[in-house]
file upload23.txt (compact mmCIF, C-alpha atoms and all ligand atoms)
# COMPACT_ATOMS: atom_id res chain seq x y z
CA MET A 1 -2.89 -39.56 82.55
CA GLU A 2 -1.02 -42.77 83.34
CA LYS A 3 2.75 -42.50 83.34
CA ARG A 4 4.37 -43.04 79.93
CA VAL A 5 7.54 -45.15 79.75
CA TYR A 6 10.44 -44.97 77.31
CA ASN A 7 9.18 -47.41 74.70
CA PHE A 8 11.97 -49.08 72.69
CA SER A 9 9.53 -51.27 70.74
CA PRO A 10 10.49 -52.18 67.16
CA GLY A 11 6.96 -51.39 66.00
CA PRO A 12 4.28 -50.30 66.36
CA ALA A 13 6.55 -47.82 68.03
CA VAL A 14 6.82 -44.58 69.93
CA LEU A 15 5.07 -41.49 68.51
CA PRO A 16 5.66 -37.88 69.54
CA LEU A 17 3.51 -37.13 72.61
CA LYS A 18 2.30 -33.85 71.10
CA ILE A 19 0.84 -35.78 68.17
CA LEU A 20 -0.95 -38.23 70.43
CA GLU A 21 -2.42 -35.32 72.36
CA GLN A 22 -3.60 -33.62 69.18
CA ALA A 23 -5.10 -36.91 67.96
CA GLN A 24 -6.87 -37.21 71.32
CA ARG A 25 -8.52 -33.84 70.74
CA ASP A 26 -9.35 -34.52 67.10
CA LEU A 27 -10.77 -37.90 68.04
CA VAL A 28 -13.73 -36.14 69.56
CA CYS A 29 -14.05 -33.29 67.09
CA TYR A 30 -11.78 -32.51 64.13
CA PRO A 31 -11.53 -28.72 63.65
CA GLY A 32 -14.13 -27.52 61.18
CA ALA A 33 -15.66 -30.97 60.63
CA GLY A 34 -18.15 -31.05 63.49
CA CYS A 35 -17.31 -34.71 64.16
CA SER A 36 -14.42 -37.05 64.93
CA ILE A 37 -11.52 -37.68 62.57
CA LEU A 38 -12.79 -41.28 62.75
CA GLU A 39 -16.21 -40.25 61.49
CA ILE A 40 -15.43 -38.28 58.33
CA SER A 41 -15.83 -39.66 54.83
CA HIS A 42 -12.72 -40.47 52.84
CA ARG A 43 -14.46 -38.60 49.99
CA SER A 44 -14.91 -35.43 52.05
CA LYS A 45 -13.04 -32.17 51.47
CA THR A 46 -11.63 -32.48 54.98
CA PHE A 47 -10.03 -35.85 54.29
CA ASP A 48 -8.88 -34.70 50.86
CA LYS A 49 -6.84 -31.99 52.55
CA ILE A 50 -5.36 -34.53 54.97
CA ILE A 51 -4.24 -37.07 52.36
CA LEU A 52 -2.96 -34.41 49.94
CA GLY A 53 -1.20 -32.71 52.85
CA ALA A 54 0.48 -35.97 53.90
CA GLU A 55 1.63 -36.56 50.34
CA ALA A 56 2.91 -32.98 49.96
CA ASN A 57 4.86 -33.30 53.21
CA ILE A 58 6.49 -36.58 52.15
CA ARG A 59 7.35 -35.04 48.77
CA THR A 60 8.93 -32.00 50.44
CA LEU A 61 10.83 -34.01 53.05
CA TYR A 62 12.42 -36.37 50.51
CA GLY A 63 12.51 -33.90 47.60
CA ILE A 64 10.61 -36.41 45.48
CA PRO A 65 10.86 -35.69 41.72
CA ASP A 66 7.63 -35.04 39.80
CA ASN A 67 7.86 -38.31 37.88
CA TYR A 68 7.10 -40.33 41.02
CA ARG A 69 3.71 -41.21 42.53
CA VAL A 70 3.16 -41.43 46.29
CA LEU A 71 0.58 -44.08 47.19
CA PHE A 72 -1.09 -44.87 50.51
CA MET A 73 -1.81 -48.58 50.54
CA GLN A 74 -2.88 -51.31 52.98
CA GLY A 75 -1.63 -54.84 53.60
CA GLY A 76 1.58 -53.74 55.30
CA ALA A 77 5.09 -53.96 53.94
CA ILE A 78 4.70 -57.68 53.44
CA LEU A 79 2.03 -57.15 50.80
CA GLN A 80 4.59 -54.98 48.98
CA PHE A 81 7.01 -57.93 48.99
CA GLY A 82 4.48 -59.71 46.80
CA MET A 83 3.18 -56.69 44.90
CA VAL A 84 6.60 -55.62 43.66
CA ALA A 85 6.98 -59.07 42.10
CA MET A 86 3.39 -59.28 40.80
CA ASN A 87 3.74 -55.92 39.06
CA LEU A 88 7.36 -55.86 37.97
CA LEU A 89 8.58 -59.45 37.78
CA ARG A 90 5.79 -61.88 36.96
CA ASP A 91 5.27 -60.89 33.31
CA SER A 92 8.68 -59.31 32.66
CA GLY A 93 10.36 -62.36 31.13
CA LYS A 94 13.32 -61.55 33.39
CA ALA A 95 14.63 -62.53 36.81
CA ALA A 96 15.02 -60.19 39.79
CA ASP A 97 18.13 -59.77 41.96
CA TYR A 98 17.70 -59.94 45.74
CA ILE A 99 20.29 -58.75 48.25
CA LEU A 100 19.76 -60.70 51.46
CA THR A 101 20.96 -58.87 54.55
CA GLY A 102 18.44 -60.04 57.14
CA THR A 103 15.04 -61.46 57.97
CA TRP A 104 13.04 -58.94 55.97
CA SER A 105 14.93 -59.07 52.68
CA LYS A 106 14.93 -62.87 52.94
CA LYS A 107 11.17 -62.88 53.49
CA ALA A 108 10.74 -60.50 50.54
CA SER A 109 12.69 -62.87 48.29
CA GLU A 110 10.46 -65.78 49.36
CA GLU A 111 7.29 -63.83 48.59
CA ALA A 112 8.70 -62.75 45.22
CA ALA A 113 9.65 -66.31 44.35
CA THR A 114 5.92 -67.15 44.29
CA GLN A 115 5.65 -64.84 41.27
CA GLY A 116 8.80 -65.37 39.22
CA LYS A 117 12.47 -66.20 39.08
CA ILE A 118 14.77 -64.59 41.60
CA ASN A 119 18.56 -64.57 41.89
CA VAL A 120 20.33 -64.09 45.17
CA ALA A 121 22.83 -61.33 44.41
CA PHE A 122 24.34 -61.51 47.90
CA ASN A 123 23.54 -63.48 51.04
CA ALA A 124 24.84 -62.54 54.50
CA LYS A 125 23.44 -65.72 56.08
CA ALA A 126 26.91 -67.19 56.76
CA THR A 127 27.59 -64.40 59.27
CA ASN A 128 24.05 -64.44 60.70
CA TYR A 129 23.09 -61.35 58.70
CA ASN A 130 25.40 -58.85 60.37
CA ARG A 131 26.48 -56.79 57.36
CA VAL A 132 25.70 -55.30 53.96
CA PRO A 133 27.70 -56.33 50.87
CA LYS A 134 30.68 -54.49 49.51
CA GLN A 135 29.92 -53.34 45.97
CA GLU A 136 32.31 -55.92 44.49
CA GLU A 137 30.51 -58.77 46.30
CA LEU A 138 27.23 -58.16 44.47
CA LYS A 139 26.47 -60.63 41.69
CA LEU A 140 24.15 -58.44 39.67
CA ASP A 141 22.45 -59.35 36.41
CA PRO A 142 22.52 -56.25 34.15
CA ASN A 143 19.32 -57.54 32.56
CA ALA A 144 17.38 -58.06 35.81
CA ALA A 145 13.81 -56.79 36.16
CA TYR A 146 15.00 -54.99 39.31
CA VAL A 147 17.41 -55.19 42.24
CA TYR A 148 15.82 -55.46 45.67
CA HIS A 149 17.30 -54.47 49.03
CA CYS A 150 16.15 -53.60 52.54
CA SER A 151 17.51 -50.22 53.62
CA ASN A 152 17.38 -51.12 57.32
CA GLU A 153 16.99 -54.65 58.66
CA THR A 154 14.89 -54.08 61.77
CA ILE A 155 15.73 -57.38 63.44
CA GLN A 156 19.47 -57.53 62.74
CA GLY A 157 20.08 -53.76 63.02
CA VAL A 158 21.90 -53.63 59.69
CA GLN A 159 21.50 -50.39 57.72
CA TYR A 160 23.07 -49.45 54.40
CA PRO A 161 25.55 -46.58 54.89
CA ALA A 162 25.27 -45.87 51.14
CA LEU A 163 23.16 -47.11 48.26
CA PRO A 164 24.26 -50.15 46.31
CA ASN A 165 25.22 -49.18 42.76
CA VAL A 166 22.91 -51.09 40.42
CA GLY A 167 23.51 -49.28 37.13
CA ASP A 168 20.38 -48.77 35.05
CA VAL A 169 18.36 -51.58 36.64
CA PRO A 170 15.52 -50.24 38.83
CA LEU A 171 16.36 -50.38 42.54
CA ILE A 172 13.58 -51.36 44.94
CA GLY A 173 13.96 -50.51 48.62
CA ASP A 174 12.11 -51.59 51.74
CA PHE A 175 12.34 -48.52 54.01
CA SER A 176 9.88 -49.76 56.63
CA SER A 177 12.16 -49.13 59.59
CA ASP A 178 14.14 -46.11 58.44
CA PHE A 179 11.48 -44.20 56.50
CA LEU A 180 11.89 -40.43 56.93
CA SER A 181 14.88 -40.94 59.23
CA ARG A 182 17.55 -39.52 56.90
CA PRO A 183 17.77 -37.94 53.43
CA VAL A 184 17.57 -40.38 50.50
CA ASP A 185 18.12 -39.64 46.81
CA VAL A 186 14.73 -40.89 45.64
CA SER A 187 15.77 -40.54 41.99
CA LYS A 188 18.07 -43.54 42.48
CA TYR A 189 15.03 -45.75 43.20
CA GLY A 190 12.36 -47.35 41.08
CA VAL A 191 10.21 -48.10 44.14
CA MET A 192 10.57 -47.26 47.82
CA PHE A 193 8.00 -48.54 50.28
CA ALA A 194 7.47 -48.45 54.03
CA CYS A 195 4.84 -49.50 56.50
CA ALA A 196 4.06 -46.59 58.81
CA GLN A 197 4.20 -48.19 62.23
CA LYS A 198 7.84 -47.51 63.03
CA ASN A 199 8.71 -44.00 61.98
CA ALA A 200 5.70 -42.45 60.32
CA GLY A 201 2.52 -43.30 62.20
CA PRO A 202 0.39 -46.20 63.41
CA ALA A 203 -0.10 -49.60 61.78
CA GLY A 204 -2.54 -49.68 58.88
CA VAL A 205 -0.99 -47.65 56.07
CA THR A 206 1.97 -48.36 53.81
CA MET A 207 3.58 -45.66 51.71
CA VAL A 208 4.78 -46.52 48.22
CA ILE A 209 6.90 -44.10 46.20
CA ILE A 210 7.08 -45.35 42.62
CA ARG A 211 8.52 -43.98 39.36
CA ASP A 212 6.04 -43.37 36.54
CA ASP A 213 7.68 -45.72 34.02
CA LEU A 214 7.34 -48.59 36.52
CA VAL A 215 3.73 -47.70 37.32
CA ALA A 216 3.05 -48.13 33.61
CA LYS A 217 4.36 -51.71 33.66
CA SER A 218 1.62 -53.21 35.88
CA PRO A 219 -0.06 -56.14 34.09
CA ALA A 220 -3.72 -55.51 33.27
CA ASN A 221 -4.81 -58.86 34.70
CA LEU A 222 -3.98 -58.03 38.31
CA PRO A 223 -6.80 -57.21 40.74
CA SER A 224 -7.11 -53.46 41.19
CA LEU A 225 -5.96 -53.26 44.80
CA VAL A 226 -2.65 -54.98 44.00
CA ASN A 227 -2.14 -53.17 40.70
CA TYR A 228 0.13 -50.11 41.04
CA LYS A 229 -1.21 -48.55 37.84
CA VAL A 230 -4.87 -48.83 38.78
CA PHE A 231 -4.15 -47.81 42.36
CA ALA A 232 -2.20 -44.73 41.24
CA GLU A 233 -4.95 -43.74 38.78
CA GLY A 234 -7.41 -44.02 41.65
CA LYS A 235 -5.19 -41.67 43.71
CA SER A 236 -5.08 -44.13 46.64
CA LEU A 237 -8.86 -43.92 46.98
CA LEU A 238 -10.03 -46.99 45.08
CA ASN A 239 -11.60 -48.21 48.27
CA THR A 240 -11.85 -46.86 51.82
CA PRO A 241 -8.30 -46.07 52.89
CA PRO A 242 -7.05 -46.26 56.50
CA THR A 243 -8.12 -42.69 57.19
CA PHE A 244 -6.94 -42.45 60.79
CA ALA A 245 -3.48 -43.84 59.97
CA ILE A 246 -3.09 -41.39 57.08
CA TYR A 247 -4.16 -38.54 59.37
CA ILE A 248 -1.41 -39.48 61.84
CA VAL A 249 1.14 -39.65 58.99
CA LYS A 250 0.10 -36.09 58.13
CA LEU A 251 0.74 -34.98 61.73
CA VAL A 252 4.09 -36.82 61.93
CA THR A 253 5.29 -35.28 58.68
CA ASP A 254 4.10 -31.81 59.82
CA TRP A 255 6.20 -32.35 62.96
CA LEU A 256 9.25 -33.41 60.95
CA LEU A 257 8.98 -30.40 58.67
CA ASN A 258 7.97 -27.68 61.07
CA GLU A 259 9.45 -28.67 64.41
CA ILE A 260 12.46 -30.81 63.54
CA GLY A 261 13.33 -28.94 60.32
CA GLY A 262 13.63 -31.79 57.82
CA LEU A 263 15.44 -35.03 57.21
CA ALA A 264 19.03 -33.76 57.45
CA LYS A 265 18.21 -32.49 60.94
CA ILE A 266 16.51 -35.67 62.12
CA ALA A 267 19.37 -37.74 60.65
CA LYS A 268 21.84 -35.82 62.84
CA ILE A 269 19.72 -36.39 65.93
CA ASN A 270 19.34 -40.07 65.06
CA GLU A 271 23.09 -40.43 64.63
CA GLN A 272 23.72 -38.80 68.01
CA LYS A 273 21.23 -41.12 69.70
CA ALA A 274 22.67 -44.23 68.06
CA ASN A 275 26.23 -43.20 68.97
CA LEU A 276 25.26 -42.96 72.64
CA LEU A 277 24.42 -46.67 72.60
CA TYR A 278 27.22 -47.88 70.33
CA ASP A 279 29.74 -45.92 72.41
CA ALA A 280 28.39 -47.53 75.59
CA ILE A 281 28.73 -50.96 73.96
CA GLU A 282 32.29 -50.17 72.91
CA GLN A 283 33.22 -48.80 76.32
CA SER A 284 31.89 -51.90 78.07
CA GLY A 285 35.02 -53.86 77.12
CA GLY A 286 33.13 -56.87 75.81
CA PHE A 287 30.33 -56.89 78.41
CA TYR A 288 27.99 -55.96 75.54
CA THR A 289 28.51 -56.67 71.84
CA ALA A 290 26.56 -55.20 68.93
CA HIS A 291 25.18 -57.60 66.32
CA ALA A 292 25.98 -55.55 63.21
CA GLU A 293 29.41 -54.68 61.88
CA PRO A 294 30.44 -51.09 62.72
CA ASN A 295 30.26 -49.75 59.14
CA CYS A 296 26.59 -50.67 58.78
CA CYS A 297 25.17 -50.61 62.31
CA SER A 298 21.70 -49.16 62.26
CA HIS A 299 20.74 -45.76 63.64
CA MET A 300 17.20 -47.07 64.16
CA ASN A 301 17.52 -50.53 65.76
CA VAL A 302 20.43 -51.45 68.02
CA PRO A 303 20.54 -55.20 68.74
CA PHE A 304 23.18 -56.21 71.27
CA ARG A 305 24.09 -59.21 73.39
CA LEU A 306 25.46 -59.57 76.90
CA ALA A 307 28.63 -61.68 77.16
CA LYS A 308 26.96 -63.56 80.03
CA PRO A 309 23.56 -64.60 78.67
CA GLU A 310 22.31 -65.40 82.19
CA LEU A 311 22.43 -61.65 82.89
CA GLU A 312 19.94 -60.88 80.12
CA GLU A 313 16.87 -61.43 82.27
CA PRO A 314 18.14 -59.25 85.15
CA PHE A 315 19.17 -56.62 82.57
CA LEU A 316 15.67 -56.46 81.09
CA LYS A 317 14.08 -56.41 84.56
CA GLY A 318 16.41 -53.67 85.78
CA ALA A 319 15.72 -51.61 82.69
CA ALA A 320 11.96 -52.01 83.04
CA ALA A 321 12.15 -50.89 86.67
CA LEU A 322 13.51 -47.59 85.28
CA ASP A 323 10.73 -47.39 82.68
CA LEU A 324 13.06 -48.49 79.86
CA CYS A 325 10.74 -50.94 78.13
CA GLU A 326 10.45 -53.35 75.17
CA LEU A 327 14.18 -54.11 75.03
CA LYS A 328 14.03 -57.86 74.45
CA GLY A 329 15.74 -58.87 71.21
CA HIS A 330 14.11 -60.86 68.43
CA ARG A 331 14.36 -64.62 68.91
CA SER A 332 16.43 -65.06 65.73
CA VAL A 333 19.23 -62.80 66.98
CA GLY A 334 18.73 -63.15 70.74
CA GLY A 335 19.93 -60.69 73.35
CA CYS A 336 18.44 -57.22 73.50
CA ARG A 337 17.38 -54.61 70.97
CA ALA A 338 16.74 -50.92 71.42
CA SER A 339 14.65 -49.37 68.66
CA ILE A 340 15.30 -45.65 68.68
CA TYR A 341 13.14 -44.24 65.90
CA ASN A 342 12.64 -40.55 65.15
CA ALA A 343 10.19 -40.03 68.02
CA MET A 344 12.38 -41.56 70.75
CA PRO A 345 13.64 -38.55 72.70
CA VAL A 346 17.39 -38.15 73.28
CA GLU A 347 16.69 -38.31 77.03
CA GLY A 348 15.28 -41.82 76.63
CA VAL A 349 18.44 -43.00 74.92
CA GLN A 350 20.61 -41.24 77.51
CA ALA A 351 18.69 -42.99 80.29
CA LEU A 352 19.25 -46.35 78.58
CA ARG A 353 22.94 -45.60 78.04
CA ASP A 354 23.35 -44.67 81.74
CA PHE A 355 21.61 -47.86 82.80
CA MET A 356 23.76 -49.98 80.46
CA LEU A 357 26.99 -48.53 81.84
CA ASP A 358 25.81 -48.88 85.43
CA PHE A 359 24.62 -52.47 84.91
CA ALA A 360 27.94 -53.41 83.30
CA LYS A 361 29.91 -51.90 86.18
CA LYS A 362 27.86 -53.74 88.79
CA ASN A 363 27.94 -57.09 86.98
CA ALA A 364 31.38 -57.20 85.37
C1 LIG A 401 12.04 -53.83 57.36
C2 LIG A 401 10.67 -54.40 57.49
N1 LIG A 401 10.03 -54.84 56.40
C3 LIG A 401 8.80 -55.36 56.47
C4 LIG A 401 8.12 -55.46 57.66
C5 LIG A 401 6.73 -56.04 57.69
O1 LIG A 401 5.81 -55.03 57.82
P1 LIG A 401 4.24 -55.32 57.96
O2 LIG A 401 4.06 -56.01 59.27
O3 LIG A 401 3.64 -53.95 57.92
O4 LIG A 401 3.84 -56.14 56.79
C6 LIG A 401 8.73 -55.01 58.83
C7 LIG A 401 8.00 -55.12 60.10
O5 LIG A 401 8.49 -55.22 61.17
C8 LIG A 401 10.04 -54.48 58.75
O6 LIG A 401 10.67 -54.05 59.85
call {"tool": "encode", "arguments": {"input": "upload23.txt", "output": "structure tokens"}}
result
Amino acid sequence: MEKRVYNFSPGPAVLPLKILEQAQRDLVCYPGAGCSILEISHRSKTFDKIILGAEANIRTLYGIPDNYRVLFMQGGAILQFGMVAMNLLRDSGKAADYILTGTWSKKASEEAATQGKINVAFNAKATNYNRVPKQEELKLDPNAAYVYHCSNETIQGVQYPALPNVGDVPLIGDFSSDFLSRPVDVSKYGVMFACAQKNAGPAGVTMVIIRDDLVAKSPANLPSLVNYKVFAEGKSLLNTPPTFAIYIVKLVTDWLLNEIGGLAKIAKINEQKANLLYDAIEQSGGFYTAHAEPNCCSHMNVPFRLAKPELEEPFLKGAAALDLCELKGHRSVGGCRASIYNAMPVEGVQALRDFMLDFAKKNA
């Protein structure tokens, strides 16, 4: 096998090696099926066990109440930006509140605005999206169709330390980049959704967790594949689902349950990993600075800048020479970004921390 590097990509992102090795075996012959996982019907008993198993694992991990459906959809998280509005805003006669904390919530508000009226309940643009709002800063409409937020802004590295309080209005959350990374009280949400390719599997499947009373609101005149109600009635099998991606989600959630021991455990590990990097940034005495404010800096994505931008290129080259890869920041924030999802081993983050401290010492 070729050497594997420490992959700090924001997504598609690192997966546990054990899972890749199991997938390699099952790619040729899935146990009991007599053929590849890629070759089995989505209507077969074998696949039925996989999709129901993935759902059961997600339900157990989050403690999802019975009055929520778990859907496996396609079209990525961005389709959900539009679908939430098509299903819950377009025909509601109301407006929806959007909390803008970064690129992804802003994009979601733009997609929703194609379907209905939106209000900006908070906008962190003035500080280049480096924070979440304080509760008293939110301009919420008690009559809104829903309140929308992004739990973790992948590009800006801004993560909510606690849920916004939205009263009785349904809360919608984009969990694409912190799905299954820490416990969440699902009962506080109307809809949670996440593409898989950061924390839960490969690209191709998007998980939607939606409360029954909201499922019931889908307008009848929406096409079936973008209609939550029809999709839920079809148990995610209206058409051919992304079978391989769902199979990997099953393996990842097995790993989280059986090897890691659940979301409280992985949250602790994620906090430890993130602290290694934030402590190194702090210790560097201004050589590095984090993008996000300390109270909301993400445990999943750590964007940081070097005080001397001309050192960025040598930093990335030096890191790559040590197999610390995919650290270039997004063009809208600049600098560097380390994505340290569930499957990034502690040793990878330690190696990056050591390199950061060493590079700062040599180039101060
Ligand atoms: C928070 C967040 N939301 C949405 C998306 C878009 O996901 P997709 O490419 O699956 O549509 C991403 C992708 O990077 C993301 O990080």
call {"tool": "closest_atom_pairs", "arguments": {"input": "upload23.txt", "of": "chain A", "to": "ligand LIG 401 (chain A)", "cutoff": "8 Å", "atoms": "all atoms listed in the file", "output": "tab-separated table"}}
result
residue	atom	partner	partner_atom	distance
A:Pro10	CA	A:LIG401	O5	7.0
A:Gly11	CA	A:LIG401	O5	6.4
A:Gly75	CA	A:LIG401	O4	6.5
A:Gly76	CA	A:LIG401	O3	3.3
A:Ala77	CA	A:LIG401	O4	3.8
A:Ile78	CA	A:LIG401	O4	3.8
A:Leu79	CA	A:LIG401	O4	6.3
A:Gln80	CA	A:LIG401	O4	7.9
A:Trp104	CA	A:LIG401	N1	5.1
A:Ser105	CA	A:LIG401	N1	7.5
A:Cys150	CA	A:LIG401	C1	6.3
A:Ser151	CA	A:LIG401	C1	7.5
A:Asn152	CA	A:LIG401	C1	6.0
A:Glu153	CA	A:LIG401	C1	5.2
A:Thr154	CA	A:LIG401	O6	4.6
A:Ile155	CA	A:LIG401	O6	7.0
A:Asp174	CA	A:LIG401	N1	6.1
A:Phe175	CA	A:LIG401	C1	6.3
A:Ser176	CA	A:LIG401	C1	4.7
A:Ser177	CA	A:LIG401	O6	5.1
A:Ala194	CA	A:LIG401	N1	7.3
A:Cys195	CA	A:LIG401	O3	4.8
A:Ala196	CA	A:LIG401	O3	7.4
A:Gln197	CA	A:LIG401	O3	7.2
A:Lys198	CA	A:LIG401	O6	7.8
A:Ala203	CA	A:LIG401	O3	6.9
A:Gly204	CA	A:LIG401	O3	7.6
A:Thr206	CA	A:LIG401	O3	7.1
call {"tool": "residues_around", "arguments": {"input": "upload23.txt", "residues": "Pro345 in chain A", "least_positions_apart": "4", "cutoff": "9 Å", "atoms": "only C-alpha atoms", "output": "PyMOL selection string"}}
result
chain A and resi 6+16+273+340-341+349-350
call {"tool": "write_last_selection", "arguments": {"input": "upload23.txt", "atoms": "C-alpha atoms", "output": "compact mmCIF listing (two decimals), keeping the file's coordinate frame"}}
result
# COMPACT_ATOMS: atom_id res chain seq x y z
CA TYR A 6 10.44 -44.97 77.31
CA PRO A 16 5.66 -37.88 69.54
CA LYS A 273 21.23 -41.12 69.70
CA ILE A 340 15.30 -45.65 68.68
CA TYR A 341 13.14 -44.24 65.90
CA VAL A 349 18.44 -43.00 74.92
CA GLN A 350 20.61 -41.24 77.51
call {"tool": "atom_distance", "arguments": {"input": "upload23.txt", "atom1": "CA of Val215 in chain A", "atom2": "CA of Pro202 in chain A"}}
result
26.3 Å
call {"tool": "residues_near_point", "arguments": {"input": "upload23.txt", "point": "(3.3, -48.7, 38.6)", "cutoff": "8 Å", "atoms": "all atoms listed in the file", "output": "MDAnalysis selection string"}}
result
chainID A and resid 87 210:218 227:229 232
call {"tool": "residues_around", "arguments": {"input": "upload23.txt", "residues": "Pro170 in chain A", "least_positions_apart": "3", "cutoff": "7 Å", "atoms": "all atoms listed in the file", "output": "PyMOL selection string"}}
result
chain A and resi 146-147+189-190
call {"tool": "closest_residue", "arguments": {"input": "upload23.txt", "among": "A:Leu88, A:Val346, A:Leu316, A:Leu225", "to": "Leu171 in chain A", "atoms": "only C-alpha atoms"}}
result
A:Leu88
call {"tool": "atom_distance", "arguments": {"input": "upload23.txt", "atom1": "CA of Leu357 in chain A", "atom2": "CA of Leu17 in chain A"}}
result
27.7 Å
call {"tool": "closest_residue", "arguments": {"input": "upload23.txt", "among": "A:Ile269, A:Met83, A:Leu61, A:Leu277", "to": "Pro219 in chain A", "atoms": "all atoms listed in the file"}}
result
A:Met83
call {"tool": "closest_residue", "arguments": {"input": "upload23.txt", "among": "A:Arg90, A:Arg59, A:His291, A:Arg305", "to": "Leu180 in chain A", "atoms": "all atoms listed in the file"}}
result
A:Arg59
call {"tool": "atom_distance", "arguments": {"input": "upload23.txt", "atom1": "CA of Gly157 in chain A", "atom2": "CA of Leu251 in chain A"}}
result
27.0 Å
call {"tool": "residues_around", "arguments": {"input": "upload23.txt", "residues": "Glu313 in chain A", "least_positions_apart": "4", "cutoff": "12 Å", "atoms": "only C-alpha atoms", "output": "MDAnalysis selection string"}}
result
chainID A and resid 305:306 308:309 317:320 327:329 334:336
call {"tool": "closest_residue", "arguments": {"input": "upload23.txt", "among": "A:His149, A:His42, A:Lys250, A:Lys268", "to": "Ile172 in chain A", "atoms": "all atoms listed in the file"}}
result
A:His149
call {"tool": "residues_around", "arguments": {"input": "upload23.txt", "residues": "Glu271 in chain A", "least_positions_apart": "3", "cutoff": "12 Å", "atoms": "all atoms listed in the file", "output": "list in words"}}
result
Pro161, Ser181, Arg182, Leu263, Ala264, Lys265, Ile266, Ala267, Lys268, Ala274, Asn275, Leu276, Leu277, Tyr278, Asp279, Cys297, Ser298, His299, Met300, Asn301, Val302, Ile340, Tyr341, Asn342, Val346 and Val349 of chain A
call {"tool": "closest_residue", "arguments": {"input": "upload23.txt", "among": "A:Ala338, A:Ala321, A:Lys361, A:Glu310", "to": "Phe287 in chain A", "atoms": "only C-alpha atoms"}}
result
A:Lys361
call {"tool": "residues_around", "arguments": {"input": "upload23.txt", "residues": "range 62-66 of chain A", "least_positions_apart": "2", "cutoff": "7 Å", "atoms": "all atoms listed in the file", "output": "ChimeraX atom specification"}}
result
/A:58-60,68,183-184,186-187
call {"tool": "closest_residue", "arguments": {"input": "upload23.txt", "among": "A:Met73, A:Leu238, A:Met1, A:Val14", "to": "Cys325 in chain A", "atoms": "all atoms listed in the file"}}
result
A:Val14
call {"tool": "residues_near_point", "arguments": {"input": "upload23.txt", "point": "(17.8, -60.4, 44.9)", "cutoff": "8 Å", "atoms": "only C-alpha atoms", "output": "PyMOL selection string"}}
result
chain A and resi 96-100+109+118-122+147-149
call {"tool": "axis_aligned_box", "arguments": {"input": "upload23.txt", "around": "range 279-292 of chain A", "padding_each_side": "4 Å", "output": "JSON"}}
result
{"center_x": 30.1, "center_y": -51.8, "center_z": 70.8, "size_x": 17.8, "size_y": 19.7, "size_z": 23.2}
